[in-house]
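**Student:** Handing you a structure now.
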Amino acid sequence: MTKEEFLTEMQDVLQTEEVLNMDTVLADLDEWDSLSMMATMAFLDKNFGVKVKIADLKTLGTIGDIAAKAGV
Amino acid sequence: MIKKFSDIKMSGLSLVLPSREISIYDELQYYGNSEKKAERAHKMAGFWKRRVADGDVTAADLGVAAAEKLISSMSLDRSRIEAMLFVVQQPDYGGPCTSYSVHHRLGLSKDCYVTDIVQGCVGWCFGLLSAFQMIASGAYDSVLLVNGDTPAKHLDPSDRINAPLFGDAGVATLVERCEGSPEVVFNLDTFSDGFEALITPGAGARLSFDVRKRSDLDELTATFDTANGRKACMAESYMDGPAVFEFSTQKAPAGIRYLMSHVGKGVDDYDMLFLHQANKQIIQTVGSNAGFPAEKVPYSGFENFGNNTMCSIPSTLLHEKGDLLRSGGSLRALFCAFGNGLVSCAIDMPICGMKFVETSVYERPEGFKTTGEWRTYWREKFINT
């Protein structure tokens with residue numbers, strides 16, 4: 001998956017209308033809530049085989065940090 | 001652990017749902033008054049509608065209603081019902097078995113074997129296994145299985161973690177000997193190392209709260225802060241979220257795959273996989289980990305009725321395939337429930353030629369007493385003894 005594809009996928013995962021980029025700050029996103037975190041965990045597991053805990057996700061700052069976890 | 005049964009089938013299924021339906025679209029105050037935000041919760045988490053019983057209605061009430069419907073519609077002779085199992089998480093009383101009360105309310109005979117089975121979300125699947133075993137032993141020709149649970153009725157709607165999740169329901173199932181019925185295979189897996197992962201610790205002998213003592217009652221109900229900022233008290237149920245998620249999404253699919261390999265079947269040999277409707281995300285993850293395509297793994301039970309614990313699989317089965325089963329049609333069903341214990345139970349059940357299938361709405365029977373009236377009743381019993 002390319003970085004661009006990842007950003008498009010993440011927009012759907014988070015169910016947001018915001019156009020995302022790697023620098024998007026999660027804390028600034030209205031939609032970065034527990035629903036999104038669960039959806040992100042499932043997305044990373046299913047598409048990249050990466051298992052991330054909620055506590056871990058909460059420490060991430062940007063969309064780019066999530067991409068790094070995915071190895072994108 | 002695999003158990004196989006021949007010449008035994010599920011011939012009747014009666015689901016009773018409370019009439020009160022709450023939709024998240026009627027609770028927009030919890031979604032910033034935005035229908036869009038509610039839609040997002042609906043899409044992502046599957047929250048939509050749930051059925052909630054009145055506070056005076058117990059699991060036994062819903063179970064009795066379901067059983068009454070089944071008995072009268074199938075014209076069963078009550079005096080010849082040989083066995084009745086009542087599966088429950090919240091018995092009516094501290095003791096004896098609520099099944100004695102259910103037996104009495106249904107007018108069953110002294111020849112009827114009854115007992116409670118205390119189980120949570122696996123309660124319908126586990127109850128089916130118990131019923132099949134009893135008939136396979138040769139000692140019984142039929143078993144009336146009754147299930148009921150009311151996890152939703154006492155939830156405060158402002159508790160947005162729990163309230164949108166749960167629903168209440170009662171189910172009655174008739175299991176009987178039937179020559180020529182296709183083989184039904186169960187896989188029951190017991191994970192007791194997870195005993196503490198999903199538990200209601202307060203109300204039992206281990207913590208020994210004596211509610212007659214003010215000091216014990218205070219300790220049981222006092223709220224305290226938890227590490228993640230919410231308040232808890234000892235009377236609540238406890239869940240190790242990550243452990244339960246790991247169990248549900250790893251062990252349940254493994255149990256399904258093991259069952260399938262044992263019977264030599266693949267995904268194409270089943271019309272649908274009916275999972276315990278824990279929540280949309282768990283359903284999708286378990287289904288996918290078991291190798292099933294999303295269209296064969298419905299979460300409509302969760303969306304329409306909430307997670308009604310042990311009743312969630314029959315709720316989903318009837319919602320998806322009620323018309324087919326009502327007309328006596330066939331369905332190659334695979335069931336899998338997973339819940340507190342921790343325990344998971346998968347069932348390969350080819351369903352065909354059912355005699356009675358119905359979903360109905362709960363109505364208070366004549367002579368129904370409210371909780372307040374019951375308290376008065378028992379106080380007077382104590383006073384007059």
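How things are named: the first chain in the structure tokens is A, the next is B, and so on; residues count from 1 in each chain; ligands count from 1 in the order shown.
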Mind listing the helix (DSSP H, G or I) residues of range 168-318 of chain B, per DSSP on the backbone, as a ChimeraX atom specification?
**Tutor:** /B:192-194,214-221,241-263,267-269,280-289,294-296,300-305,309-318
**Student:** Write a file of the just-selected residues containing C-alpha atoms, as a PDB file, in the first residue's frame.
**Tutor:**
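Result saved to selection22.pdb:
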ATOM      1  CA  SER B 192     -11.094 -21.518  32.764  1.00  0.00           C
ATOM      2  CA  ASP B 193      -7.823 -19.586  32.933  1.00  0.00           C
ATOM      3  CA  GLY B 194     -10.105 -16.753  31.814  1.00  0.00           C
ATOM      4  CA  ARG B 214     -24.799  -1.702  56.830  1.00  0.00           C
ATOM      5  CA  SER B 215     -20.977  -1.745  56.736  1.00  0.00           C
ATOM      6  CA  ASP B 216     -20.919  -4.526  54.114  1.00  0.00           C
ATOM      7  CA  LEU B 217     -23.644  -2.840  52.070  1.00  0.00           C
ATOM      8  CA  ASP B 218     -21.683   0.408  52.132  1.00  0.00           C
ATOM      9  CA  GLU B 219     -18.537  -1.365  50.976  1.00  0.00           C
ATOM     10  CA  LEU B 220     -20.433  -3.133  48.188  1.00  0.00           C
ATOM     11  CA  THR B 221     -21.957   0.050  46.824  1.00  0.00           C
ATOM     12  CA  GLY B 241     -11.333  -5.889  27.870  1.00  0.00           C
ATOM     13  CA  PRO B 242      -8.134  -6.890  26.050  1.00  0.00           C
ATOM     14  CA  ALA B 243      -8.281 -10.481  27.391  1.00  0.00           C
ATOM     15  CA  VAL B 244     -11.921 -10.895  26.349  1.00  0.00           C
ATOM     16  CA  PHE B 245     -11.251  -9.351  22.927  1.00  0.00           C
ATOM     17  CA  GLU B 246      -8.267 -11.671  22.426  1.00  0.00           C
ATOM     18  CA  PHE B 247     -10.334 -14.704  23.509  1.00  0.00           C
ATOM     19  CA  SER B 248     -13.288 -13.825  21.281  1.00  0.00           C
ATOM     20  CA  THR B 249     -11.265 -13.062  18.182  1.00  0.00           C
ATOM     21  CA  GLN B 250      -8.735 -15.893  18.494  1.00  0.00           C
ATOM     22  CA  LYS B 251     -10.243 -18.784  20.430  1.00  0.00           C
ATOM     23  CA  ALA B 252     -13.766 -18.693  19.001  1.00  0.00           C
ATOM     24  CA  PRO B 253     -12.582 -18.816  15.350  1.00  0.00           C
ATOM     25  CA  ALA B 254     -10.128 -21.579  16.259  1.00  0.00           C
ATOM     26  CA  GLY B 255     -13.020 -23.568  17.713  1.00  0.00           C
ATOM     27  CA  ILE B 256     -15.051 -23.015  14.546  1.00  0.00           C
ATOM     28  CA  ARG B 257     -12.166 -24.141  12.314  1.00  0.00           C
ATOM     29  CA  TYR B 258     -11.563 -27.194  14.471  1.00  0.00           C
ATOM     30  CA  LEU B 259     -15.246 -28.164  14.216  1.00  0.00           C
ATOM     31  CA  MET B 260     -15.252 -27.643  10.455  1.00  0.00           C
ATOM     32  CA  SER B 261     -12.132 -29.741   9.956  1.00  0.00           C
ATOM     33  CA  HIS B 262     -13.614 -32.465  12.153  1.00  0.00           C
ATOM     34  CA  VAL B 263     -16.770 -32.693  10.030  1.00  0.00           C
ATOM     35  CA  VAL B 267     -17.125 -22.326   4.171  1.00  0.00           C
ATOM     36  CA  ASP B 268     -19.168 -23.206   1.054  1.00  0.00           C
ATOM     37  CA  ASP B 269     -20.942 -26.001   2.940  1.00  0.00           C
ATOM     38  CA  LYS B 280     -20.317  -5.424  15.239  1.00  0.00           C
ATOM     39  CA  GLN B 281     -16.541  -5.284  15.352  1.00  0.00           C
ATOM     40  CA  ILE B 282     -16.136  -8.581  17.203  1.00  0.00           C
ATOM     41  CA  ILE B 283     -18.642 -10.287  14.870  1.00  0.00           C
ATOM     42  CA  GLN B 284     -16.757  -9.094  11.788  1.00  0.00           C
ATOM     43  CA  THR B 285     -13.365 -10.038  13.219  1.00  0.00           C
ATOM     44  CA  VAL B 286     -14.464 -13.510  14.393  1.00  0.00           C
ATOM     45  CA  GLY B 287     -16.172 -14.204  11.059  1.00  0.00           C
ATOM     46  CA  SER B 288     -13.139 -13.110   9.100  1.00  0.00           C
ATOM     47  CA  ASN B 289     -10.724 -15.066  11.335  1.00  0.00           C
ATOM     48  CA  ALA B 294     -18.831 -10.937   5.405  1.00  0.00           C
ATOM     49  CA  GLU B 295     -22.126 -11.686   3.605  1.00  0.00           C
ATOM     50  CA  LYS B 296     -22.372 -15.008   5.450  1.00  0.00           C
ATOM     51  CA  SER B 300     -28.339  -7.743  12.147  1.00  0.00           C
ATOM     52  CA  GLY B 301     -29.202  -9.158  15.568  1.00  0.00           C
ATOM     53  CA  PHE B 302     -26.868  -6.649  17.204  1.00  0.00           C
ATOM     54  CA  GLU B 303     -28.177  -3.782  15.071  1.00  0.00           C
ATOM     55  CA  ASN B 304     -31.860  -4.547  15.624  1.00  0.00           C
ATOM     56  CA  PHE B 305     -32.081  -5.962  19.136  1.00  0.00           C
ATOM     57  CA  THR B 309     -26.458 -12.231  25.386  1.00  0.00           C
ATOM     58  CA  MET B 310     -27.580 -15.874  25.251  1.00  0.00           C
ATOM     59  CA  CYS B 311     -30.574 -14.993  23.041  1.00  0.00           C
ATOM     60  CA  SER B 312     -28.491 -13.247  20.392  1.00  0.00           C
ATOM     61  CA  ILE B 313     -27.945 -16.215  18.086  1.00  0.00           C
ATOM     62  CA  PRO B 314     -31.623 -17.259  17.909  1.00  0.00           C
ATOM     63  CA  SER B 315     -32.532 -13.561  17.526  1.00  0.00           C
ATOM     64  CA  THR B 316     -30.242 -13.241  14.516  1.00  0.00           C
ATOM     65  CA  LEU B 317     -31.310 -16.611  13.094  1.00  0.00           C
ATOM     66  CA  LEU B 318     -34.980 -15.607  13.202  1.00  0.00           C
TER      67      LEU B 318
END
**Student:** For chain A, report every residue with an atom at most 8 Å from chain B (counting only C-alpha atoms), formatted as a ChimeraX atom specification.
**Tutor:** /A:15,35,39,42
**Student:** The selected residues should be written to file as a CSV table (one decimal), in the first residue's frame (atoms: N, CA and C atoms).
**Tutor:**
chain,number,residue,atom,x,y,z
A,15,GLN,N,-13.9,7.3,9.3
A,15,GLN,CA,-15.3,7.9,8.9
A,15,GLN,C,-15.3,9.4,9.1
A,35,LEU,N,-14.3,4.9,19.0
A,35,LEU,CA,-14.7,4.2,17.8
A,35,LEU,C,-13.6,4.1,16.8
A,39,ALA,N,-11.5,0.9,15.3
A,39,ALA,CA,-11.5,0.6,13.9
A,39,ALA,C,-10.1,0.6,13.3
A,42,ALA,N,-8.4,-2.7,14.2
A,42,ALA,CA,-8.8,-3.8,13.3
A,42,ALA,C,-8.2,-3.6,11.9
**Student:** For range 64-67 of chain A, find every residue with an atom within 6 Å (counting only C-alpha atoms), except residues of its own chain fewer than 4 positions away, and show them as a PyMOL selection string.
**Tutor:** chain A and resi 22+60+72
**Student:** Could the residues in this selection be written to a file with C-alpha atoms, as an mmCIF file, in the first residue's frame?
**Tutor:**
data_model
loop_
_atom_site.group_PDB
_atom_site.id
_atom_site.type_symbol
_atom_site.label_atom_id
_atom_site.label_comp_id
_atom_site.auth_asym_id
_atom_site.auth_seq_id
_atom_site.Cartn_x
_atom_site.Cartn_y
_atom_site.Cartn_z
ATOM 1 C CA MET A 22 0.812 12.422 7.306
ATOM 2 C CA LEU A 60 0.524 8.417 18.836
ATOM 3 C CA VAL A 72 3.903 2.267 5.264
#
**Student:** Enter the distance from CA of Gly123 in chain B to CA of Val87 in chain B, in Å, rounded to one decimal.
**Tutor:**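 One can read the CA of Gly123 in chain B to CA of Val87 in chain B distance as 6.1 Å.
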**Student:** Find the residues around Val118 in chain B up to 10 Å (only C-alpha atoms counted), leave out those fewer than 2 positions away in its own chain, and share them as a list of chain:residue names.
**Tutor:**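 Near Val118 in chain B, the qualifying residues are B:Phe86, B:Val87, B:Val88, B:Gln89, B:Gln90, B:Pro91, B:Cys97, B:Thr115, B:Asp116, B:Gly120, B:Gly123, B:Gly127.
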**Student:** Between B:Pro164, B:Pro201, B:Gly148, B:Gly94, single out the one closest to Gln119 in chain B, counting only C-alpha atoms.
**Tutor:**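 Of the candidates, the smallest distance to Gln119 in chain B is held by B:Gly148.
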**Student:** Where in range 206-326 of chain B does DSSP assign strand (DSSP E or B), given as a list of chain:residue names?
**Tutor:** B:Thr223, B:Phe224, B:Asp225, B:Lys231, B:Ala232, B:Cys233, B:Tyr238, B:Met239, B:Met272, B:Leu273, B:Phe274, B:Leu275, B:Asn307
**Student:** May I ask for the distance between CA of Pro293 in chain B and CA of Phe335 in chain B, given in Å to one decimal place?
**Tutor:**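 Computing the Euclidean distance for CA of Pro293 in chain B and CA of Phe335 in chain B yields 15.1 Å.
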**Student:** Of the residues A:Glu5, A:Asp45, A:Asp23, A:Asp30, which is the one nearest to Gly61 in chain A, using only C-alpha atoms?
**Tutor:**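 Between A:Glu5, A:Asp45, A:Asp23, A:Asp30, the residue approaching Gly61 in chain A most closely is A:Asp23.
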**Student:** Mind giving me the straight-line distance from CA of Met84 in chain B to CA of Cys121 in chain B in Å, one decimal?
**Tutor:**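 These two atoms are separated by 19.3 Å.
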**Student:** What lies within 9 Å of Ser73 in chain B using only C-alpha atoms, ignoring chain neighbours under 4 positions off, as a list in words?
**Tutor:**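 In the requested format, the answer is Glu68, Lys69 and Phe356 of chain B.
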**Student:** Write the residues of the preceding selection, restricted to N, CA and C atoms, as a compact mmCIF listing (two decimals), in the first residue's frame.
**Tutor:**
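For reference, out_36.txt as written:
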# COMPACT_ATOMS: atom_id res chain seq x y z
N GLU B 68 -44.54 -20.40 26.92
CA GLU B 68 -46.00 -20.47 26.79
C GLU B 68 -46.41 -20.44 25.32
N LYS B 69 -45.78 -19.53 24.57
CA LYS B 69 -46.05 -19.39 23.15
C LYS B 69 -45.78 -20.71 22.41
N PHE B 356 -42.34 -25.23 14.40
CA PHE B 356 -42.84 -23.95 14.91
C PHE B 356 -41.70 -22.97 15.08
